[in-house]
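Raw contents of entry.tsv, TSV, C-alpha atoms and all ligand atoms:
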chain	number	residue	atom	x	y	z
G	1	MET	CA	-20.24	71.65	12.29
G	2	THR	CA	-22.43	69.87	9.77
G	3	ALA	CA	-20.61	67.07	8.01
G	4	GLN	CA	-20.04	66.87	4.30
G	5	VAL	CA	-21.79	63.75	3.02
G	6	ILE	CA	-19.46	61.38	1.18
G	7	ASP	CA	-21.71	60.10	-1.60
G	8	GLY	CA	-20.67	56.47	-2.08
G	9	LYS	CA	-23.35	55.90	-4.68
G	10	ALA	CA	-22.03	58.64	-6.96
G	11	PHE	CA	-18.39	57.73	-6.33
G	12	ALA	CA	-19.10	54.04	-7.04
G	13	ALA	CA	-20.73	55.03	-10.35
G	14	GLU	CA	-17.55	56.98	-11.18
G	15	VAL	CA	-15.38	53.95	-10.33
G	16	ARG	CA	-17.58	51.66	-12.44
G	17	GLY	CA	-17.33	54.19	-15.29
G	18	LYS	CA	-13.51	54.06	-15.11
G	19	VAL	CA	-13.62	50.26	-15.05
G	20	ALA	CA	-15.95	50.21	-18.08
G	21	GLU	CA	-13.62	52.54	-20.04
G	22	HIS	CA	-10.65	50.33	-19.27
G	23	VAL	CA	-12.59	47.17	-20.17
G	24	ALA	CA	-13.52	48.72	-23.54
G	25	ARG	CA	-9.82	49.49	-24.18
G	26	LEU	CA	-8.82	45.92	-23.30
G	27	LYS	CA	-11.33	44.65	-25.84
G	28	ASP	CA	-10.25	47.10	-28.58
G	29	GLU	CA	-6.51	46.84	-28.11
G	30	HIS	CA	-6.03	43.27	-26.88
G	31	ASP	CA	-9.28	41.46	-27.73
G	32	LEU	CA	-9.63	40.64	-24.01
G	33	VAL	CA	-12.88	40.42	-22.02
G	34	PRO	CA	-12.40	40.07	-18.24
G	35	GLY	CA	-14.55	37.28	-16.77
G	36	LEU	CA	-15.93	37.07	-13.24
G	37	ALA	CA	-17.32	33.80	-11.88
G	38	VAL	CA	-19.55	33.90	-8.82
G	39	VAL	CA	-20.27	30.67	-6.98
G	40	LEU	CA	-23.33	30.46	-4.76
G	41	VAL	CA	-24.03	27.38	-2.67
G	42	GLY	CA	-27.58	27.15	-1.32
G	43	GLU	CA	-30.43	29.62	-1.40
G	44	ASP	CA	-29.74	32.19	1.28
G	45	PRO	CA	-32.03	35.07	0.21
G	46	ALA	CA	-29.54	37.87	1.01
G	47	SER	CA	-26.76	36.06	-0.87
G	48	GLN	CA	-29.06	35.56	-3.87
G	49	VAL	CA	-29.72	39.32	-3.99
G	50	TYR	CA	-25.97	40.11	-3.79
G	51	VAL	CA	-25.13	37.58	-6.50
G	52	ARG	CA	-27.83	38.96	-8.82
G	53	SER	CA	-26.66	42.53	-8.46
G	54	LYS	CA	-22.99	41.52	-8.87
G	55	GLY	CA	-23.88	39.71	-12.12
G	56	LYS	CA	-25.86	42.68	-13.44
G	57	MET	CA	-23.10	45.21	-12.73
G	58	THR	CA	-20.41	42.92	-14.14
G	59	THR	CA	-22.23	42.80	-17.47
G	60	GLU	CA	-22.91	46.55	-17.37
G	61	VAL	CA	-19.17	47.35	-17.34
G	62	GLY	CA	-18.63	45.04	-20.32
G	63	MET	CA	-17.20	42.03	-18.49
G	64	LYS	CA	-18.29	38.41	-18.82
G	65	SER	CA	-20.37	37.26	-15.86
G	66	VAL	CA	-20.69	33.58	-15.00
G	67	GLU	CA	-22.87	32.33	-12.16
G	68	HIS	CA	-22.64	28.86	-10.67
G	69	LYS	CA	-25.59	28.12	-8.41
G	70	LEU	CA	-25.06	24.91	-6.49
G	71	ASP	CA	-27.42	22.89	-4.36
G	72	VAL	CA	-27.23	23.50	-0.59
G	73	ASN	CA	-26.07	19.89	-0.12
G	74	THR	CA	-23.18	20.14	-2.60
G	75	SER	CA	-20.19	18.17	-1.31
G	76	GLU	CA	-16.85	19.81	-0.57
G	77	LYS	CA	-15.27	17.57	-3.24
G	78	ASP	CA	-17.66	18.86	-5.93
G	79	LEU	CA	-17.19	22.49	-4.89
G	80	LEU	CA	-13.39	22.14	-4.94
G	81	ALA	CA	-13.61	20.48	-8.37
G	82	LEU	CA	-15.58	23.48	-9.69
G	83	ILE	CA	-13.03	25.91	-8.25
G	84	ASP	CA	-10.22	23.90	-9.84
G	85	GLN	CA	-12.01	24.10	-13.18
G	86	LEU	CA	-12.41	27.90	-12.83
G	87	ASN	CA	-8.77	28.26	-11.73
G	88	ASN	CA	-7.76	26.62	-15.02
G	89	ASP	CA	-10.20	28.53	-17.23
G	90	ASP	CA	-8.34	31.33	-19.04
G	91	SER	CA	-11.56	33.22	-19.73
G	92	ILE	CA	-12.13	33.64	-15.97
G	93	ASN	CA	-10.06	36.31	-14.21
G	94	GLY	CA	-11.98	36.59	-10.97
G	95	ILE	CA	-13.55	33.91	-8.76
G	96	LEU	CA	-15.81	34.79	-5.89
G	97	VAL	CA	-17.38	32.22	-3.59
G	98	GLN	CA	-20.33	33.87	-1.89
G	99	LEU	CA	-20.09	33.61	1.91
G	100	PRO	CA	-21.36	32.34	4.25
G	101	LEU	CA	-21.17	28.75	3.03
G	102	PRO	CA	-23.42	26.02	4.43
G	103	LYS	CA	-22.03	24.59	7.69
G	104	HIS	CA	-20.76	21.28	6.22
G	105	LEU	CA	-18.27	23.14	3.99
G	106	ASP	CA	-14.90	24.31	5.33
G	107	GLU	CA	-14.80	28.00	4.38
G	108	ASP	CA	-11.03	28.39	4.87
G	109	LEU	CA	-10.28	25.32	2.78
G	110	VAL	CA	-12.59	26.49	-0.01
G	111	ILE	CA	-11.26	30.07	-0.11
G	112	ASN	CA	-7.65	28.88	-0.03
G	113	SER	CA	-8.30	26.60	-3.00
G	114	ILE	CA	-8.94	29.63	-5.25
G	115	ASP	CA	-5.96	30.70	-7.36
G	116	PRO	CA	-4.69	33.74	-5.36
G	117	ALA	CA	-4.30	35.69	-8.61
G	118	LYS	CA	-8.05	35.23	-9.27
G	119	ASP	CA	-9.10	35.76	-5.64
G	120	VAL	CA	-10.96	39.03	-6.26
G	121	ASP	CA	-12.36	39.00	-2.70
G	122	GLY	CA	-8.79	39.10	-1.36
G	123	PHE	CA	-9.51	36.49	1.32
G	124	HIS	CA	-6.91	33.87	0.27
G	125	ILE	CA	-4.21	33.46	2.90
G	126	SER	CA	-1.53	34.46	0.33
G	127	ASN	CA	-3.29	37.75	-0.35
G	128	VAL	CA	-3.71	38.37	3.38
G	129	GLY	CA	0.04	37.84	3.80
G	130	LEU	CA	0.94	40.02	0.81
G	131	LEU	CA	-1.24	42.86	2.11
G	132	GLY	CA	0.23	42.45	5.59
G	133	THR	CA	3.74	42.84	4.22
G	134	GLY	CA	2.83	45.79	1.99
G	135	GLN	CA	3.22	43.80	-1.25
G	136	LYS	CA	1.03	43.79	-4.34
G	137	SER	CA	-2.07	41.70	-3.58
G	138	MET	CA	-5.78	41.38	-4.23
G	139	VAL	CA	-7.40	43.62	-1.60
G	140	PRO	CA	-10.78	42.83	0.05
G	141	CYS	CA	-13.46	44.90	-1.69
G	142	THR	CA	-15.18	46.63	1.25
G	143	PRO	CA	-12.01	48.01	2.88
G	144	LEU	CA	-10.66	48.94	-0.57
G	145	GLY	CA	-13.84	50.93	-1.18
G	146	CYS	CA	-13.44	52.71	2.18
G	147	LEU	CA	-9.79	53.51	1.37
G	148	MET	CA	-10.73	54.93	-2.04
G	149	MET	CA	-13.32	57.22	-0.45
G	150	LEU	CA	-10.86	58.37	2.21
G	151	ARG	CA	-8.12	59.09	-0.34
G	152	HIS	CA	-10.61	60.89	-2.57
G	153	HIS	CA	-11.74	63.08	0.32
G	154	HIS	CA	-8.39	63.74	2.01
G	155	GLY	CA	-5.70	63.15	-0.59
G	156	SER	CA	-2.89	61.92	1.66
G	157	LEU	CA	-3.84	60.08	4.86
G	158	SER	CA	-0.28	60.21	6.20
G	159	GLY	CA	0.02	60.80	9.95
G	160	MET	CA	-3.72	60.74	10.62
G	161	ASN	CA	-5.07	58.91	13.67
G	162	ALA	CA	-7.42	56.17	12.48
G	163	VAL	CA	-9.63	54.02	14.67
G	164	VAL	CA	-11.17	50.91	13.10
G	165	ILE	CA	-13.97	49.43	15.19
G	166	GLY	CA	-14.22	45.71	14.44
G	167	ARG	CA	-11.51	43.10	13.83
G	168	SER	CA	-13.10	40.74	11.31
G	169	ASN	CA	-10.99	39.15	8.60
G	170	ILE	CA	-13.16	40.61	5.86
G	171	VAL	CA	-13.40	44.23	7.01
G	172	GLY	CA	-11.69	45.33	10.24
G	173	LYS	CA	-8.26	43.72	9.89
G	174	PRO	CA	-7.65	44.47	6.19
G	175	MET	CA	-8.99	48.01	6.72
G	176	ALA	CA	-6.47	48.59	9.50
G	177	GLN	CA	-3.70	47.17	7.32
G	178	LEU	CA	-4.58	49.46	4.41
G	179	LEU	CA	-4.63	52.52	6.67
G	180	LEU	CA	-1.28	51.50	8.12
G	181	ASN	CA	0.13	51.09	4.59
G	182	ASP	CA	-1.07	54.67	3.95
G	183	SER	CA	0.91	55.81	7.03
G	184	CYS	CA	-1.97	56.37	9.44
G	185	THR	CA	-1.49	55.69	13.14
G	186	VAL	CA	-3.98	52.87	13.52
G	187	THR	CA	-5.94	51.55	16.49
G	188	ILE	CA	-8.13	48.48	16.11
G	189	ALA	CA	-10.99	48.47	18.61
G	190	HIS	CA	-13.25	45.48	19.22
G	191	SER	CA	-15.79	43.97	21.59
G	192	ARG	CA	-13.27	43.83	24.47
G	193	THR	CA	-11.88	47.34	24.03
G	194	LYS	CA	-12.06	49.40	27.23
G	195	ASP	CA	-13.46	52.94	27.11
G	196	LEU	CA	-14.38	52.70	23.43
G	197	PRO	CA	-15.85	56.25	23.29
G	198	ASP	CA	-12.52	57.66	24.55
G	199	VAL	CA	-10.57	55.64	21.99
G	200	VAL	CA	-12.83	56.85	19.19
G	201	ARG	CA	-12.54	60.49	20.37
G	202	ARG	CA	-8.83	60.44	19.41
G	203	ALA	CA	-9.60	59.57	15.81
G	204	ASP	CA	-9.27	61.77	12.74
G	205	ILE	CA	-10.73	58.83	10.82
G	206	VAL	CA	-13.29	56.43	12.27
G	207	VAL	CA	-14.25	53.27	10.40
G	208	ALA	CA	-17.13	51.42	12.05
G	209	ALA	CA	-17.50	47.74	11.06
G	210	VAL	CA	-19.31	46.20	13.99
G	211	GLY	CA	-22.79	45.03	12.99
G	212	ARG	CA	-24.55	46.90	15.84
G	213	PRO	CA	-27.21	49.37	14.74
G	214	GLU	CA	-26.33	53.02	15.44
G	215	MET	CA	-23.82	52.12	18.16
G	216	VAL	CA	-21.36	54.98	17.56
G	217	SER	CA	-22.83	58.12	19.02
G	218	GLY	CA	-22.07	61.73	18.09
G	219	ASP	CA	-20.38	62.53	21.39
G	220	TRP	CA	-17.69	59.90	20.57
G	221	ILE	CA	-16.64	61.84	17.49
G	222	LYS	CA	-13.84	64.40	17.47
G	223	GLU	CA	-14.98	67.66	15.87
G	224	GLY	CA	-14.18	67.50	12.15
G	225	ALA	CA	-13.32	63.77	12.01
G	226	THR	CA	-14.17	61.65	8.96
G	227	VAL	CA	-16.62	58.84	9.70
G	228	ILE	CA	-16.90	55.79	7.44
G	229	ASP	CA	-19.86	53.59	8.31
G	230	VAL	CA	-19.52	50.02	7.05
G	231	GLY	CA	-22.44	48.60	9.03
G	232	ILE	CA	-25.58	47.34	7.34
G	233	ASN	CA	-28.31	46.61	9.87
G	234	ARG	CA	-32.01	46.17	9.22
G	235	ILE	CA	-34.13	47.53	12.07
G	236	GLU	CA	-37.84	47.95	12.70
G	237	THR	CA	-39.25	51.46	12.63
G	238	ASP	CA	-41.97	52.80	14.97
G	239	GLU	CA	-44.44	52.33	12.10
G	240	GLY	CA	-43.72	48.59	12.05
G	241	LYS	CA	-41.74	48.78	8.80
G	242	THR	CA	-38.04	48.01	8.42
G	243	LYS	CA	-35.14	50.21	7.32
G	244	LEU	CA	-31.40	49.97	6.88
G	245	VAL	CA	-29.10	51.76	9.31
G	246	GLY	CA	-25.36	51.70	9.84
G	247	ASP	CA	-23.23	51.15	12.93
G	248	VAL	CA	-23.15	54.91	13.40
G	249	ASP	CA	-25.91	57.11	14.75
G	250	TYR	CA	-25.97	59.25	11.63
G	251	ALA	CA	-27.86	62.30	12.94
G	252	SER	CA	-25.68	62.92	16.00
G	253	CYS	CA	-22.39	62.00	14.27
G	254	ALA	CA	-23.12	64.24	11.28
G	255	GLU	CA	-23.33	67.21	13.67
G	256	ARG	CA	-19.70	66.74	14.79
G	257	ALA	CA	-17.97	65.01	11.89
G	258	GLY	CA	-16.25	66.85	9.04
G	259	ALA	CA	-17.39	64.17	6.60
G	260	ILE	CA	-19.54	61.07	6.87
G	261	THR	CA	-20.82	58.21	4.70
G	262	PRO	CA	-24.57	57.53	4.79
G	263	VAL	CA	-26.25	54.11	5.01
G	264	PRO	CA	-27.51	53.20	2.51
G	265	GLY	CA	-25.56	54.94	-0.25
G	266	GLY	CA	-22.08	55.00	1.33
G	267	VAL	CA	-19.76	52.01	1.61
G	268	GLY	CA	-22.27	49.48	0.19
G	269	PRO	CA	-22.17	50.57	-3.49
G	270	MET	CA	-18.36	50.88	-3.31
G	271	THR	CA	-18.00	47.19	-2.44
G	272	ILE	CA	-19.34	45.93	-5.79
G	273	ALA	CA	-17.48	48.68	-7.68
G	274	CYS	CA	-14.25	47.43	-6.08
G	275	LEU	CA	-15.07	43.84	-6.97
G	276	LEU	CA	-15.19	44.94	-10.61
G	277	ALA	CA	-12.01	46.97	-10.16
G	278	ASN	CA	-10.28	43.89	-8.70
G	279	THR	CA	-11.43	41.72	-11.62
G	280	LEU	CA	-9.97	44.29	-14.02
G	281	THR	CA	-6.72	44.44	-12.05
G	282	SER	CA	-6.47	40.66	-12.05
G	283	THR	CA	-7.01	40.57	-15.83
G	284	CYS	CA	-4.29	43.17	-16.43
G	285	ARG	CA	-1.85	41.32	-14.18
G	286	ALA	CA	-2.60	37.96	-15.86
G	287	HIS	CA	-1.67	39.45	-19.25
G	288	GLY	CA	1.29	41.56	-18.10
G	289	LEU	CA	-0.58	44.78	-18.94
G	290	GLU	CA	-0.40	48.07	-17.09
G	291	GLU	CA	-2.80	48.21	-14.16
G	292	PRO	CA	-5.55	50.83	-14.11
G	293	GLU	CA	-4.56	53.87	-12.06
G	294	GLY	CA	-6.51	54.71	-8.89
G	295	LEU	CA	-8.39	51.41	-8.79
G	296	THR	CA	-6.04	49.47	-6.52
G	297	ALA	CA	-4.51	50.01	-3.10
G	301	LIG	P1	-18.21	40.55	12.26
G	301	LIG	O1	-19.39	40.16	13.07
G	301	LIG	O2	-17.38	39.50	11.62
G	301	LIG	O3	-17.25	41.43	13.18
G	301	LIG	C1	-17.74	42.41	14.02
G	301	LIG	C2	-16.62	42.98	14.84
G	301	LIG	O4	-17.18	43.97	15.71
G	301	LIG	C3	-15.91	41.97	15.72
G	301	LIG	O5	-14.53	42.05	15.44
G	301	LIG	C4	-16.20	42.40	17.15
G	301	LIG	O6	-15.06	42.30	17.99
G	301	LIG	C5	-16.61	43.83	16.99
G	301	LIG	N1	-17.61	44.20	18.00
G	301	LIG	C6	-18.75	43.56	18.30
G	301	LIG	N2	-19.40	44.19	19.29
G	301	LIG	C7	-18.67	45.27	19.60
G	301	LIG	C8	-18.81	46.31	20.55
G	301	LIG	N3	-19.83	46.38	21.37
G	301	LIG	N4	-17.85	47.24	20.60
G	301	LIG	C9	-16.78	47.20	19.76
G	301	LIG	N5	-16.61	46.24	18.85
G	301	LIG	C10	-17.52	45.28	18.77
G	301	LIG	O7	-18.77	41.60	11.19
G	301	LIG	P2	-18.19	42.08	9.76
G	301	LIG	O8	-18.33	40.99	8.79
G	301	LIG	O9	-16.86	42.72	9.95
G	301	LIG	O10	-19.26	43.20	9.41
G	301	LIG	C11	-19.46	44.34	10.23
G	301	LIG	C12	-20.63	45.13	9.70
G	301	LIG	O11	-20.33	45.56	8.37
G	301	LIG	C13	-21.93	44.35	9.58
G	301	LIG	O12	-23.01	45.24	9.82
G	301	LIG	C14	-21.96	43.92	8.13
G	301	LIG	O13	-23.27	43.72	7.65
G	301	LIG	C15	-21.33	45.12	7.49
G	301	LIG	N6	-20.67	44.84	6.20
G	301	LIG	C16	-20.94	45.70	5.20
G	301	LIG	C17	-20.34	45.54	3.96
G	301	LIG	C18	-20.63	46.51	2.88
G	301	LIG	O14	-20.46	46.23	1.72
G	301	LIG	N7	-21.05	47.73	3.23
G	301	LIG	C19	-19.47	44.46	3.74
G	301	LIG	C20	-19.18	43.60	4.82
G	301	LIG	C21	-19.80	43.81	6.03
Before we go any further, please render this structure as structure tokens.
Ligand code: NAD
Amino acid sequence: MTAQVIDGKAFAAEVRGKVAEHVARLKDEHDLVPGLAVVLVGEDPASQVYVRSKGKMTTEVGMKSVEHKLDVNTSEKDLLALIDQLNNDDSINGILVQLPLPKHLDEDLVINSIDPAKDVDGFHISNVGLLGTGQKSMVPCTPLGCLMMLRHHHGSLSGMNAVVIGRSNIVGKPMAQLLLNDSCTVTIAHSRTKDLPDVVRRADIVVAAVGRPEMVSGDWIKEGATVIDVGINRIETDEGKTKLVGDVDYASCAERAGAITPVPGGVGPMTIACLLANTLTSTCRAHGLEEPEGLTA
């Protein structure tokens, strides 16, 4: 079997298009412009790239983009004061603090100081709890993007066996929760899991979020399974250049899978699209307006 490629780049463009249409309607009918504030502390090069592209795409869908770039030595008190100011700013509907933060800042404290209604990353402890109990919440962007692709490909996920490899708070755990909420039978595998290939072989859906280049090999994949590769790993090629690969060995897995996401061009573009979708959702909720269909969990 040769897998169907799930084109995250094209699907993300579709999602951004829907967001842009909805944003235009909000402006026309309610004179509302959703605002997203991104806070970056320090000068981590990868974070700077992410923040730039988030800002660009926010403006492209017609939202207001605000960037706060703070010095690497910014105190916790000053950062919390900025978040408080953004929490109280009615023109801001989404607040994202780019992680990782410099070591002297308490990440949990900072994230939990964001108004949960504006927590478009979905990392606030209230949103984690709401998701865990199947209530309306802000859902972390990367797992939301994976869920959207899976629903788009399969329709209903009910009764499917899903294996999520990785148990991080930002990908693995919320991904498992979302699949459970969609009535999958979910296994979370991690670094201590015994016989990982055997566990993965039971899966109709495999989500790999590990951070180990090309770890999942084709002979772990059940014939016809859907493989979602969250990993982003930069490796050196034989020619001494570098390239991006996922956590999945694409060539061998594509031979057995029914469908697979590539890296790059799979989950990555969906993450920012879902950030914009979450900012739109947060705006609609703040004003008691109907939420956009198909853009939330
Ligand atoms: P993390 O390091 O926080 O978690 C990795 C998880 O993998 C851990 O739970 C660990 O138990 C598990 N693990 C490690 N070694 C393992 C092994 N040998 N077998 C089984 N499980 C193992 O990473 P994360 O933040 O969840 O990110 C995972 C990957 O996803 C990274 O490559 C990251 O760059 C990527 N990522 C991509 C996006 C995106 O937008 N596409 C977003 C977030 C993260």
Can you tell me which residues sit at most 8 Å away from ligand LIG 301 (chain G), counting only C-alpha atoms and all ligand atoms, written as a PyMOL selection string?
chain G and resi 141-142+165-172+189-193+196+208-213+215+229-233+246-247+266-272
Closest to G:Glu29 among G:Thr237, G:Leu82, G:Ala297, G:Leu289, using all atoms listed in the file?
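Checking each candidate against G:Glu29, we get G:Leu289 as the closest.
Coordinates place atom CA of G:Thr185 at a distance of 12.9 Å from atom CA of G:Val200.
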Using all atoms listed in the file: which of G:Ala273, G:Leu32, G:Leu178, G:Leu109 has the shortest distance to G:Val139:
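Among the listed residues, the smallest separation from G:Val139 belongs to G:Leu178.
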Residue among G:Cys284, G:Leu131, G:Met148, G:Ala203 lying closest to G:Lys173, counting all atoms listed in the file:
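Distance minimum relative to G:Lys173 lands on G:Leu131.
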Given all atoms listed in the file, how would the per-residue table for stretch 95-120 of chain G near stretch 63-77 of chain G read, listing every residue at most 10 Å away with its closest atom pair and distance in Å to one decimal, sorted by chain and number, as a Markdown table?
| residue | atom | partner | partner_atom | distance |
| --- | --- | --- | --- | --- |
| G:Ile95 | CA | G:Val66 | CA | 9.5 |
| G:Leu96 | CA | G:Glu67 | CA | 9.8 |
| G:Val97 | CA | G:His68 | CA | 9.4 |
| G:Leu101 | CA | G:Val72 | CA | 8.8 |
| G:Pro102 | CA | G:Val72 | CA | 6.8 |
| G:Lys103 | CA | G:Val72 | CA | 9.8 |
| G:His104 | CA | G:Glu76 | CA | 8.0 |
| G:Leu105 | CA | G:Glu76 | CA | 5.8 |
| G:Asp106 | CA | G:Glu76 | CA | 7.7 |
| G:Glu107 | CA | G:Glu76 | CA | 9.8 |
| G:Leu109 | CA | G:Glu76 | CA | 9.2 |
| G:Val110 | CA | G:Glu76 | CA | 7.9 |
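Atom CA of G:Gly55 is positioned 14.8 Å from atom CA of G:Val33.
Within the 7 Å cut-off around G:Gln98, using only C-alpha atoms and omitting residues fewer than 4 positions from it on the same chain, the listed residues are Val38, Val39, Leu40 and Ser47 of chain G.
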Selection near G:Gly265, 7 Å with only C-alpha atoms, sequence-local residues under 6 positions removed, as a PDB file with C-alpha atoms, in the coordinates of the input:
ATOM      1  CA  ASP G   7     -21.710  60.100  -1.600  1.00  0.00           C
ATOM      2  CA  GLY G   8     -20.670  56.470  -2.080  1.00  0.00           C
ATOM      3  CA  LYS G   9     -23.350  55.900  -4.680  1.00  0.00           C
TER       4      LYS G   9
END
Using only C-alpha atoms, which protein or nucleic acid residues come within 12 Å of G:Glu236? Drop anything in the same chain fewer than 6 positions from it, and give the result as a list in words.
Pro213, Thr242, Lys243, Leu244 and Val245 of chain G
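Taking atom CA of G:His30 as the reference point, atom CA of G:Ser282 is found at 15.1 Å.
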Pick from G:Met138, G:Ile111, G:Cys274, G:Val5 nearest to G:His124, counting all atoms listed in the file:
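Using all atoms listed in the file, the shortest distance to G:His124 belongs to G:Ile111.
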Determine, counting only C-alpha atoms, every residue of protein, DNA or RNA that lies within 7 Å of (-15.4, 48.0, -16.5) in the file coordinates, then give the result as a list in words.
Arg16, Gly17, Lys18, Val19, Ala20, Glu21, His22, Val23, Val61, Gly62, Met63 and Leu276 of chain G
Which residue of G:Asp219, G:Asp119, G:Asp238, G:Glu255 approaches G:Pro197 most closely, using only C-alpha atoms
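Among G:Asp219, G:Asp119, G:Asp238, G:Glu255, it is G:Asp219 that comes nearest to G:Pro197.
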Restore N, CA and C atoms in stretch 242-255 of chain G and list the result as a CSV table (one decimal), keeping the file's coordinate frame.
chain,number,residue,atom,x,y,z
G,242,THR,N,-39.5,48.2,8.1
G,242,THR,CA,-38.0,48.0,8.4
G,242,THR,C,-37.2,49.0,7.6
G,243,LYS,N,-36.0,49.3,8.1
G,243,LYS,CA,-35.1,50.2,7.3
G,243,LYS,C,-33.7,49.8,7.6
G,244,LEU,N,-32.8,50.3,6.7
G,244,LEU,CA,-31.4,50.0,6.9
G,244,LEU,C,-30.7,51.1,7.6
G,245,VAL,N,-29.9,50.8,8.6
G,245,VAL,CA,-29.1,51.8,9.3
G,245,VAL,C,-27.7,51.2,9.4
G,246,GLY,N,-26.8,52.1,9.7
G,246,GLY,CA,-25.4,51.7,9.8
G,246,GLY,C,-25.0,51.4,11.3
G,247,ASP,N,-23.7,51.3,11.6
G,247,ASP,CA,-23.2,51.2,12.9
G,247,ASP,C,-23.1,52.5,13.6
G,248,VAL,N,-23.4,53.6,12.9
G,248,VAL,CA,-23.2,54.9,13.4
G,248,VAL,C,-24.5,55.6,13.5
G,249,ASP,N,-24.7,56.3,14.6
G,249,ASP,CA,-25.9,57.1,14.8
G,249,ASP,C,-25.7,58.3,13.9
G,250,TYR,N,-26.3,58.3,12.7
G,250,TYR,CA,-26.0,59.2,11.6
G,250,TYR,C,-26.3,60.7,12.1
G,251,ALA,N,-27.4,60.9,12.6
G,251,ALA,CA,-27.9,62.3,12.9
G,251,ALA,C,-26.9,63.0,13.9
G,252,SER,N,-26.6,62.3,15.0
G,252,SER,CA,-25.7,62.9,16.0
G,252,SER,C,-24.2,63.0,15.5
G,253,CYS,N,-23.8,62.0,14.8
G,253,CYS,CA,-22.4,62.0,14.3
G,253,CYS,C,-22.2,63.1,13.2
G,254,ALA,N,-23.2,63.3,12.4
G,254,ALA,CA,-23.1,64.2,11.3
G,254,ALA,C,-23.0,65.7,11.8
G,255,GLU,N,-23.4,65.9,13.1
G,255,GLU,CA,-23.3,67.2,13.7
G,255,GLU,C,-21.9,67.5,14.1
